[in-house]
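Okay, structure first, notes after.
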Amino acid sequence: MRLSPVLQGMRAYPFVRLAEAKRAAQGQGLELLDFGVGEPREETPAFIRRALAAALEAEPVSTYPAAEGLPELRAAIARWLERRFGAALDPDLEIVPTLGTKEAIFHLPQVVAGPGARVAITTPGYPVPGRGAAFAGAEVVDVPLDPARGWEPDLDAVDWAGVALLWLNFPNNPTGAVTSLALLERAAALGREHGFVVASDEAYSELWFSGPPPASILEVGERTGVLAFNTLSKRSSMPGYRSGFAAGDPQLVAALRHYRPNVGVAPQTFVQRAAAAAWGDEKHVDAVREHYRAKRDALEPALRAAGLQPAGGPATFFLWLRLPGGGEDDEAWALELLHRTGIVVAPGSFFGTGGAGHVRVALVPTLEACHRAAELLESGA
């Protein structure tokens with residue numbers, strides 16, 4: 001049997017290793033408090049669940065969904081983008097619904113890069129852009145996020161020769177950093193100058209602890225060569241619905257619509273109808289945001305008392321923390337914490353270059369679990 005050489009040469013997805021460590025700890029009888037994987041565990045708002053149930057009842061005969069998505073969902077996304085960012089987009093030409101954003105991020109290099117191209121990816125960061133580039137046959141170029149710049153990249157230090165795609169991610173996973181519209185404008189200008197696409201993963205745009213609302217690349221003055229990706233998983237506590245979108249340059253959206261029927265990743269129509277309801281409401285998002293702030297306030301003082309130093313920005317539902325005493329072996333530190341207390345955190349090295357010496361704490365367990373974890377840390381258990 002012949003397998004893809006890319007797949008054969010690829011290390012296990014980092015969180016698979018974390019899952020194996022969790023199973024081992026549970027085998028020792030430990031009760032886990034899991035702050036490792038960033039999967040929201042808040043209850044999906046009732047009005048969204050009702051919209052989904054109504055959509056199912058209205059569709060007794062199930063049909064394949066079209067790649068361009070339902071007009072009412074595209075219109076709801078367009079209205080939200082204008083309300084939130086002041087960005088006016090044509091829902092028929094500049095927006096395409098996606099099956100969440102993970103699959104769309106993974107597939108984009110097959111549309112705009114391909115074998116032999118270079119794909120620039122900020123690091124530390126979400127692993128999927130790099131893995132998608134590798135499966136597309138592209139070369140991955142690391143663009144370091146500089147802690148001295150507030151975890152922004154120095155875009156003028158990058159060799160752009162041969163680059164077909166630049167990935168940005170703000171608010172950033174794992175650091176929680178936000179960026180300025182000026183940096184997004186600079187990225188878009190460099191893309192036009194050198195002929196590469198600028199793709200912005202904005203999955204955490206609606207979650208921030210302090211400061212002004214984060215910016216979107218769709219706010220730049222010229223959107224040629226620009227795509228933004230966003231999702232309902234975080235803002236609306238809908239990870240299992242797998243509902244997101246890509247929006248921006250109409251030529252790029254047309255290319256996505258041409259590509260996507262080949263891989264069968266259009267969201268189900270009943271999910272799209274529930275998603276339209278979710279994009280139309282902000283009250284539940286305000287409540288989600290406040291709930292994550294309460295969790296942060298419950299847990300962060302105990303993390304500081306344990307010697308971890310906040311090292312990230314003011315957004316997402318992640319805390320990015322420097323190891324006590326400037327240590328570098330974050331995976332060993334995280335495993336020791338897991339086997340001593342049952343508290344699971346993600347080693348910073350899971351997120352690539354620049355992540356070593358840090359851990360990421362995902363504020364996804366319940367508020368009660370955050371208080372329990374704080375008690376364990378304070379007791380030195």
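Letters A, B, ... mark the chains of the structure tokens in the order given; residue numbers begin at 1 per chain; ligand numbers begin at 1, in order shown.
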List the neighbours of Ala255 in chain A out to 12 Å using only C-alpha atoms; skip same-chain residues closer than 2 positions along the sequence, and give me the result as a ChimeraX atom specification.
/A:67-68,93-96,107-112,225,227,246-253,257-262
Could the residues in this selection be saved with N, CA and C atoms as an mmCIF file, in the first residue's frame?
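Below you can see part_10.cif, which holds the result:
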```cif
data_model
loop_
_atom_site.group_PDB
_atom_site.id
_atom_site.type_symbol
_atom_site.label_atom_id
_atom_site.label_comp_id
_atom_site.auth_asym_id
_atom_site.auth_seq_id
_atom_site.Cartn_x
_atom_site.Cartn_y
_atom_site.Cartn_z
ATOM 1 N N ALA A 67 -22.482 24.701 -3.354
ATOM 2 C CA ALA A 67 -21.213 25.230 -2.853
ATOM 3 C C ALA A 67 -21.287 26.719 -2.542
ATOM 4 N N GLU A 68 -22.139 27.470 -3.261
ATOM 5 C CA GLU A 68 -22.206 28.915 -3.016
ATOM 6 C C GLU A 68 -22.990 29.266 -1.776
ATOM 7 N N LEU A 93 -21.181 37.902 -4.556
ATOM 8 C CA LEU A 93 -19.881 37.854 -5.214
ATOM 9 C C LEU A 93 -18.692 37.759 -4.269
ATOM 10 N N GLU A 94 -18.874 38.163 -3.016
ATOM 11 C CA GLU A 94 -17.721 38.317 -2.125
ATOM 12 C C GLU A 94 -17.794 37.472 -0.863
ATOM 13 N N ILE A 95 -18.754 36.555 -0.768
ATOM 14 C CA ILE A 95 -18.918 35.727 0.427
ATOM 15 C C ILE A 95 -19.241 34.305 0.006
ATOM 16 N N VAL A 96 -18.602 33.332 0.677
ATOM 17 C CA VAL A 96 -18.950 31.925 0.468
ATOM 18 C C VAL A 96 -18.964 31.228 1.824
ATOM 19 N N HIS A 107 -7.671 23.886 2.836
ATOM 20 C CA HIS A 107 -7.785 23.743 1.389
ATOM 21 C C HIS A 107 -7.281 24.947 0.594
ATOM 22 N N LEU A 108 -7.193 26.119 1.214
ATOM 23 C CA LEU A 108 -6.882 27.322 0.430
ATOM 24 C C LEU A 108 -5.584 27.199 -0.373
ATOM 25 N N PRO A 109 -4.490 26.612 0.158
ATOM 26 C CA PRO A 109 -3.273 26.520 -0.655
ATOM 27 C C PRO A 109 -3.460 25.728 -1.946
ATOM 28 N N GLN A 110 -4.420 24.804 -1.992
ATOM 29 C CA GLN A 110 -4.677 24.075 -3.230
ATOM 30 C C GLN A 110 -5.319 24.976 -4.287
ATOM 31 N N VAL A 111 -5.917 26.065 -3.839
ATOM 32 C CA VAL A 111 -6.602 26.987 -4.757
ATOM 33 C C VAL A 111 -5.662 28.090 -5.226
ATOM 34 N N VAL A 112 -4.807 28.598 -4.337
ATOM 35 C CA VAL A 112 -4.028 29.789 -4.683
ATOM 36 C C VAL A 112 -2.514 29.562 -4.656
ATOM 37 N N GLY A 225 -6.880 40.709 -3.632
ATOM 38 C CA GLY A 225 -5.982 39.686 -3.115
ATOM 39 C C GLY A 225 -6.164 39.369 -1.650
ATOM 40 N N LEU A 227 -8.528 37.827 1.621
ATOM 41 C CA LEU A 227 -9.627 36.981 2.103
ATOM 42 C C LEU A 227 -9.626 36.975 3.624
ATOM 43 N N ALA A 246 -15.771 32.441 4.138
ATOM 44 C CA ALA A 246 -14.645 33.187 3.582
ATOM 45 C C ALA A 246 -15.229 34.380 2.838
ATOM 46 N N ALA A 247 -14.563 35.524 2.932
ATOM 47 C CA ALA A 247 -15.089 36.744 2.305
ATOM 48 C C ALA A 247 -13.939 37.630 1.860
ATOM 49 N N GLY A 248 -14.160 38.349 0.758
ATOM 50 C CA GLY A 248 -13.146 39.285 0.284
ATOM 51 C C GLY A 248 -13.163 39.436 -1.219
ATOM 52 N N ASP A 249 -11.984 39.457 -1.805
ATOM 53 C CA ASP A 249 -11.779 39.665 -3.232
ATOM 54 C C ASP A 249 -12.725 38.766 -4.043
ATOM 55 N N PRO A 250 -13.586 39.349 -4.889
ATOM 56 C CA PRO A 250 -14.548 38.521 -5.637
ATOM 57 C C PRO A 250 -13.890 37.494 -6.554
ATOM 58 N N GLN A 251 -12.691 37.774 -7.081
ATOM 59 C CA GLN A 251 -12.016 36.779 -7.907
ATOM 60 C C GLN A 251 -11.605 35.558 -7.082
ATOM 61 N N LEU A 252 -11.159 35.800 -5.860
ATOM 62 C CA LEU A 252 -10.790 34.687 -4.997
ATOM 63 C C LEU A 252 -12.024 33.908 -4.551
ATOM 64 N N VAL A 253 -13.104 34.610 -4.234
ATOM 65 C CA VAL A 253 -14.341 33.921 -3.854
ATOM 66 C C VAL A 253 -14.844 33.082 -5.023
ATOM 67 N N ARG A 257 -15.483 29.025 -5.071
ATOM 68 C CA ARG A 257 -16.736 28.409 -5.515
ATOM 69 C C ARG A 257 -16.495 27.399 -6.638
ATOM 70 N N HIS A 258 -15.489 27.643 -7.444
ATOM 71 C CA HIS A 258 -15.134 26.705 -8.510
ATOM 72 C C HIS A 258 -14.506 25.440 -7.928
ATOM 73 N N TYR A 259 -13.698 25.614 -6.891
ATOM 74 C CA TYR A 259 -12.967 24.501 -6.299
ATOM 75 C C TYR A 259 -13.833 23.636 -5.387
ATOM 76 N N ARG A 260 -14.660 24.267 -4.562
ATOM 77 C CA ARG A 260 -15.276 23.577 -3.435
ATOM 78 C C ARG A 260 -16.251 22.452 -3.813
ATOM 79 N N PRO A 261 -16.968 22.500 -4.931
ATOM 80 C CA PRO A 261 -17.798 21.342 -5.270
ATOM 81 C C PRO A 261 -16.998 20.057 -5.462
ATOM 82 N N ASN A 262 -15.723 20.185 -5.787
ATOM 83 C CA ASN A 262 -14.888 19.002 -5.992
ATOM 84 C C ASN A 262 -14.591 18.249 -4.698
#
```
As a PDB file with C-alpha atoms, in the first residue's frame, please: every residue in range 69-159 of chain A that DSSP puts in helix (DSSP H, G or I).
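Full text of part-v4.pdb as output:
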```pdb
ATOM      1  CA  PRO A  71     -28.653  33.422  -0.297  1.00  0.00           C
ATOM      2  CA  GLU A  72     -30.162  34.174   3.124  1.00  0.00           C
ATOM      3  CA  LEU A  73     -26.991  33.050   4.909  1.00  0.00           C
ATOM      4  CA  ARG A  74     -24.727  35.078   2.645  1.00  0.00           C
ATOM      5  CA  ALA A  75     -26.994  38.095   3.211  1.00  0.00           C
ATOM      6  CA  ALA A  76     -26.900  37.597   6.997  1.00  0.00           C
ATOM      7  CA  ILE A  77     -23.088  37.428   6.924  1.00  0.00           C
ATOM      8  CA  ALA A  78     -22.919  40.564   4.782  1.00  0.00           C
ATOM      9  CA  ARG A  79     -25.156  42.454   7.221  1.00  0.00           C
ATOM     10  CA  TRP A  80     -22.995  41.334  10.141  1.00  0.00           C
ATOM     11  CA  LEU A  81     -19.767  42.390   8.405  1.00  0.00           C
ATOM     12  CA  GLU A  82     -21.190  45.830   7.747  1.00  0.00           C
ATOM     13  CA  ARG A  83     -22.458  46.242  11.314  1.00  0.00           C
ATOM     14  CA  ARG A  84     -19.288  44.961  12.931  1.00  0.00           C
ATOM     15  CA  PHE A  85     -16.532  46.272  10.665  1.00  0.00           C
ATOM     16  CA  LYS A 102     -10.551  24.588   9.535  1.00  0.00           C
ATOM     17  CA  GLU A 103     -11.326  22.840   6.256  1.00  0.00           C
ATOM     18  CA  ALA A 104     -11.324  26.114   4.322  1.00  0.00           C
ATOM     19  CA  ILE A 105      -7.943  27.100   5.783  1.00  0.00           C
ATOM     20  CA  PHE A 106      -6.520  23.657   4.981  1.00  0.00           C
ATOM     21  CA  HIS A 107      -7.785  23.743   1.389  1.00  0.00           C
ATOM     22  CA  LEU A 108      -6.882  27.322   0.430  1.00  0.00           C
ATOM     23  CA  PRO A 109      -3.273  26.520  -0.655  1.00  0.00           C
ATOM     24  CA  GLN A 110      -4.677  24.075  -3.230  1.00  0.00           C
ATOM     25  CA  VAL A 111      -6.602  26.987  -4.757  1.00  0.00           C
ATOM     26  CA  VAL A 112      -4.028  29.789  -4.683  1.00  0.00           C
ATOM     27  CA  VAL A 128      -3.554  23.787  10.099  1.00  0.00           C
ATOM     28  CA  PRO A 129      -2.271  26.443   7.627  1.00  0.00           C
ATOM     29  CA  GLY A 130       1.140  24.765   7.516  1.00  0.00           C
ATOM     30  CA  ARG A 131      -0.306  21.297   7.125  1.00  0.00           C
ATOM     31  CA  GLY A 132      -2.608  22.450   4.343  1.00  0.00           C
ATOM     32  CA  ALA A 133       0.351  24.008   2.560  1.00  0.00           C
ATOM     33  CA  ALA A 134       2.362  20.793   2.895  1.00  0.00           C
ATOM     34  CA  PHE A 135      -0.417  18.647   1.428  1.00  0.00           C
ATOM     35  CA  PRO A 147       7.021  39.407  21.418  1.00  0.00           C
ATOM     36  CA  ALA A 148       8.866  42.737  21.460  1.00  0.00           C
ATOM     37  CA  ARG A 149       6.330  43.978  18.872  1.00  0.00           C
ATOM     38  CA  LEU A 155       6.554  41.955   7.380  1.00  0.00           C
ATOM     39  CA  ASP A 156       9.320  44.050   5.872  1.00  0.00           C
ATOM     40  CA  ALA A 157      11.901  41.463   6.946  1.00  0.00           C
TER      41      ALA A 157
END
```
Selected residue, from A:Glu185, A:Gly380, A:Glu331, A:Val143, that lies nearest to Phe15 in chain A when counting only C-alpha atoms
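Smallest separation from Phe15 in chain A among the options: A:Glu331.
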To one decimal place, how far is CA of Val163 in chain A from CA of Ala203 in chain A in Å?
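Atom-to-atom, CA of Val163 in chain A to CA of Ala203 in chain A, that is 23.8 Å.
Counting only C-alpha atoms and comparing A:Glu42, A:Thr98, A:Arg50, A:Glu336, the residue that lies closest to Lys295 in chain A is A:Glu42.
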Determine which residues of range 112-198 of chain A receive a DSSP assignment of strand (DSSP E or B), computed from the backbone, and state them as an MDAnalysis selection string.
chainID A and resid 118:123 139:146 152:153 163:169 197:198
Which is closer to Asp329 in chain A than all the others in A:Val359, A:Ala177, A:Ala374, A:Leu18, using only C-alpha atoms?
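Going through A:Val359, A:Ala177, A:Ala374, A:Leu18 one by one, the smallest distance to Asp329 in chain A is for A:Val359.
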Selection near Ala228 in chain A, 8 Å with only C-alpha atoms, sequence-local residues under 3 positions removed, as a count of residues only:
10
Could you give me, as a PyMOL selection string, the residues within 12 Å of Val61 in chain A, counting only C-alpha atoms and dropping anything in the same chain fewer than 5 positions from it?
chain A and resi 55-56+269-270
I need the residues from that last selection saved to file as a tab-separated table (two decimals), in the first residue's frame (with C-alpha atoms), if you can.
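Saved the output as selection.tsv:
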```tsv
chain	number	residue	atom	x	y	z
A	55	ALA	CA	-34.99	24.10	9.46
A	56	LEU	CA	-34.89	20.31	9.78
A	269	THR	CA	-28.75	23.70	4.46
A	270	PHE	CA	-30.38	23.25	7.88
```
Just the residues within 12 Å of Ala332 in chain A, please, counting only C-alpha atoms, with nothing from its chain fewer than 6 positions along; format it as a CSV table (one decimal) with C-alpha atoms, in the first residue's frame.
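Listed below is the output, result.csv:
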```csv
chain,number,residue,atom,x,y,z
A,18,LEU,CA,-1.9,15.6,24.3
A,21,ALA,CA,-1.2,12.0,27.8
A,323,LEU,CA,7.0,29.2,32.2
A,338,LEU,CA,-1.1,17.1,34.4
A,339,HIS,CA,0.1,14.2,36.4
A,345,VAL,CA,-2.6,22.9,29.4
A,346,ALA,CA,-1.2,23.0,25.9
A,347,PRO,CA,2.6,23.2,25.6
A,348,GLY,CA,3.6,26.3,23.6
A,349,SER,CA,6.0,24.3,21.4
A,356,ALA,CA,8.8,27.1,23.4
A,357,GLY,CA,8.9,28.1,27.0
A,358,HIS,CA,5.2,29.0,27.1
A,359,VAL,CA,1.9,27.3,27.7
```
Between CA of Ile121 in chain A and CA of Trp167 in chain A, distance in Å (one decimal):
5.0 Å
